[in-house]
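The structure appears right after this line, and notes come after that.
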Amino acid sequence: MVKICIDPGHSGPFEPGAYAGGVAEADINLMVAKKLGLLLTDCGYEVIYTREGDIDNDELLWRAELANQQQANLFVSIHCNAADSEEARGFEIYHYPGAIEGGRLADSINRAFMAFPYTLERGVKKAYFTVLAETNMPAILIELAFLSSEFDRQILTTAIFQTMMALIITSGIHGYLVL
C-alpha cells in the first residue's frame, strides 16, 4: 500500500506562518490537509500526518524525519503564500532541485491545478526547503494561494475551495502514481 505523509505546514507560537486579514496560514493548511487525507484514504492510500492539531515546535527537520521513519512513499507539504503586494495571487509547487521524482509529482499536481479556473498558475519551482531536502521520498511543497491577496484569502477560507484544493491534489497524486 502506498503511504503518503501529509505535512500541514506551520503551527504554534514559534512557527505560525503567514497571517493576514484575521486568517492564520497554519489553520488553513491543517483544514486542507485533513480534507486531503480523507480523500486519499478513500482512494485506498495510507495517510500519515506530521501534525493533526497545533504544535509548539519551531524545528523543520522533524517533519522530514517523521516521514522517513514511517517509510512514506510520498511527502506533501501544504502551505499558503504571502507577499508584500496584494496583487500577488495563485498557486505554486516546489520540489528539490535535481529530484526527478519530486519534479514529476509536482508536474502532475500542477497539471491538475491548471484544470481549475479559479486561480493563476505560478508554476513548478525548485527550492532548497528543509522538508524537501531531508526527505527520502518524492517530496513537494504546495503554496495554495496568497493570504496577502484579499481575493485569494476570501476563497482560502471557504470549505468548498479547501475541498477543491484537496480534490485537485488527490487527482495529481493519483495521476503521478498510475503513470
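Starting from 1 in every chain, residues are counted up; chains themselves are A, B, ... following the order of the C-alpha cells, and ligands are numbered from 1 as listed.
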
Using DSSP on the backbone coordinates, identify the residues of segment 7-170 of chain A assigned to strand (DSSP E or B); present them as an MDAnalysis selection string.
-> chainID A and resid 7:8 11 15 19:20 23:24 46:49 74:81 91:95 121:126 139:146

What does the file look like for those residues with N, CA and C atoms, as a compact mmCIF listing (two decimals), in the first residue's frame?
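Saved the output as result.txt:
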```
# COMPACT_ATOMS: atom_id res chain seq x y z
N ASP A 7 1.94 16.99 5.34
CA ASP A 7 2.52 17.94 6.27
C ASP A 7 1.77 19.27 6.20
N PRO A 8 0.84 19.50 7.15
CA PRO A 8 0.20 20.82 7.22
C PRO A 8 1.22 21.82 7.77
N SER A 11 2.63 26.02 12.54
CA SER A 11 1.76 25.82 13.68
C SER A 11 2.41 26.36 14.93
N GLU A 15 6.13 29.02 15.03
CA GLU A 15 6.14 28.84 13.58
C GLU A 15 4.71 29.03 13.03
N TYR A 19 0.03 35.47 8.19
CA TYR A 19 -1.19 35.90 8.85
C TYR A 19 -1.66 37.18 8.18
N ALA A 20 -2.90 37.18 7.73
CA ALA A 20 -3.45 38.38 7.08
C ALA A 20 -4.97 38.37 7.21
N VAL A 23 -6.70 35.78 9.29
CA VAL A 23 -6.58 34.37 8.88
C VAL A 23 -5.14 33.91 9.09
N ALA A 24 -4.98 32.79 9.79
CA ALA A 24 -3.67 32.22 10.04
C ALA A 24 -3.39 31.09 9.04
N GLU A 46 -2.61 4.85 2.29
CA GLU A 46 -2.39 5.02 3.73
C GLU A 46 -1.87 6.44 3.94
N VAL A 47 -2.41 7.12 4.94
CA VAL A 47 -2.05 8.52 5.19
C VAL A 47 -1.50 8.66 6.60
N ILE A 48 -0.39 9.39 6.70
CA ILE A 48 0.12 9.83 8.00
C ILE A 48 0.27 11.35 7.93
N TYR A 49 0.14 11.98 9.09
CA TYR A 49 0.24 13.44 9.17
C TYR A 49 1.45 13.81 10.04
N LEU A 74 5.48 9.10 -0.40
CA LEU A 74 5.39 10.48 -0.89
C LEU A 74 5.27 11.42 0.30
N PHE A 75 5.74 12.65 0.11
CA PHE A 75 5.64 13.68 1.14
C PHE A 75 5.02 14.91 0.49
N VAL A 76 3.92 15.40 1.06
CA VAL A 76 3.20 16.55 0.52
C VAL A 76 3.03 17.58 1.63
N SER A 77 3.70 18.73 1.48
CA SER A 77 3.61 19.80 2.46
C SER A 77 2.66 20.87 1.94
N ILE A 78 1.68 21.22 2.75
CA ILE A 78 0.62 22.16 2.37
C ILE A 78 0.90 23.52 3.02
N HIS A 79 0.87 24.58 2.20
CA HIS A 79 1.15 25.93 2.69
C HIS A 79 0.25 26.95 1.98
N CYS A 80 0.23 28.16 2.53
CA CYS A 80 -0.35 29.32 1.88
C CYS A 80 0.78 30.33 1.73
N ASN A 81 0.73 31.11 0.70
CA ASN A 81 1.78 32.06 0.40
C ASN A 81 1.43 33.45 0.94
N PHE A 91 -1.21 29.83 -7.25
CA PHE A 91 -0.57 28.68 -6.60
C PHE A 91 0.77 28.41 -7.25
N GLU A 92 1.63 27.77 -6.48
CA GLU A 92 2.91 27.31 -7.00
C GLU A 92 3.31 26.06 -6.24
N ILE A 93 4.12 25.25 -6.89
CA ILE A 93 4.52 23.97 -6.31
C ILE A 93 6.04 23.88 -6.40
N TYR A 94 6.65 23.46 -5.29
CA TYR A 94 8.09 23.34 -5.21
C TYR A 94 8.53 21.89 -5.07
N HIS A 95 9.69 21.60 -5.64
CA HIS A 95 10.38 20.34 -5.38
C HIS A 95 11.86 20.64 -5.25
N GLU A 121 -1.76 30.25 -12.30
CA GLU A 121 -0.72 29.23 -12.19
C GLU A 121 0.62 29.94 -12.18
N ARG A 122 1.38 29.76 -11.09
CA ARG A 122 2.68 30.40 -10.95
C ARG A 122 3.82 29.42 -11.23
N GLY A 123 3.44 28.16 -11.52
CA GLY A 123 4.41 27.20 -11.99
C GLY A 123 5.02 26.29 -10.96
N VAL A 124 5.80 25.37 -11.48
CA VAL A 124 6.58 24.44 -10.68
C VAL A 124 7.96 25.07 -10.50
N LYS A 125 8.42 25.09 -9.27
CA LYS A 125 9.69 25.74 -8.95
C LYS A 125 10.56 24.80 -8.12
N LYS A 126 11.82 25.14 -8.06
CA LYS A 126 12.77 24.35 -7.27
C LYS A 126 13.23 25.17 -6.08
N ALA A 139 9.10 14.46 -2.78
CA ALA A 139 8.52 15.43 -1.86
C ALA A 139 8.22 16.72 -2.59
N ILE A 140 7.09 17.33 -2.22
CA ILE A 140 6.70 18.61 -2.80
C ILE A 140 6.17 19.52 -1.70
N LEU A 141 6.19 20.80 -1.98
CA LEU A 141 5.59 21.79 -1.11
C LEU A 141 4.66 22.63 -1.99
N ILE A 142 3.39 22.67 -1.62
CA ILE A 142 2.38 23.38 -2.40
C ILE A 142 2.00 24.68 -1.68
N GLU A 143 2.08 25.78 -2.40
CA GLU A 143 1.57 27.06 -1.92
C GLU A 143 0.21 27.24 -2.59
N LEU A 144 -0.87 27.04 -1.83
CA LEU A 144 -2.22 27.02 -2.40
C LEU A 144 -2.66 28.34 -3.01
N ALA A 145 -2.38 29.43 -2.32
CA ALA A 145 -2.80 30.77 -2.74
C ALA A 145 -2.18 31.76 -1.77
N PHE A 146 -2.41 33.04 -2.00
CA PHE A 146 -1.77 34.09 -1.20
C PHE A 146 -2.72 34.65 -0.15
```

Self-check item: Within 8 Å of Thr135 of chain A using only C-alpha atoms, minus same-chain residues under 2 positions, as a PyMOL selection string
Solution: chain A and resi 64-65+67-68+75+131-133+137-139

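Atom CA of Leu177 of chain A is positioned 22.6 Å from atom CA of Gln162 of chain A.
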
**OP:** Using backbone DSSP assignments, extract all alpha helix (DSSP H) residues from segment 20-162 of chain A; output them as a PyMOL selection string.
**Re:** chain A and resi 25-42+61-69+100-114+130-133+150-156+159-162

Review point. Which polymer residues have any atom within 9 Å of an atom of segment 166-175 of chain A, counting only C-alpha atoms, with same-chain residues fewer than 5 positions away left out, as a ChimeraX atom specification?
Key: /A:32-37,39-40,43,74,105-113,115-116,161

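Pairwise distance (atom CA of Glu25 of chain A, atom CA of Gly44 of chain A) equals 28.5 Å.
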
Which of these, A:Asp27, A:His10, A:Trp62, A:Thr41, has the shortest distance to Thr130 of chain A once you count only C-alpha atoms?
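Nearest candidate to Thr130 of chain A out of A:Asp27, A:His10, A:Trp62, A:Thr41: A:Trp62.
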
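Among the candidate residues A:Ile160, A:Ile28, A:Leu66, A:Leu61, the one lying nearest to Ile6 of chain A is A:Leu66, with distances computed using only C-alpha atoms.
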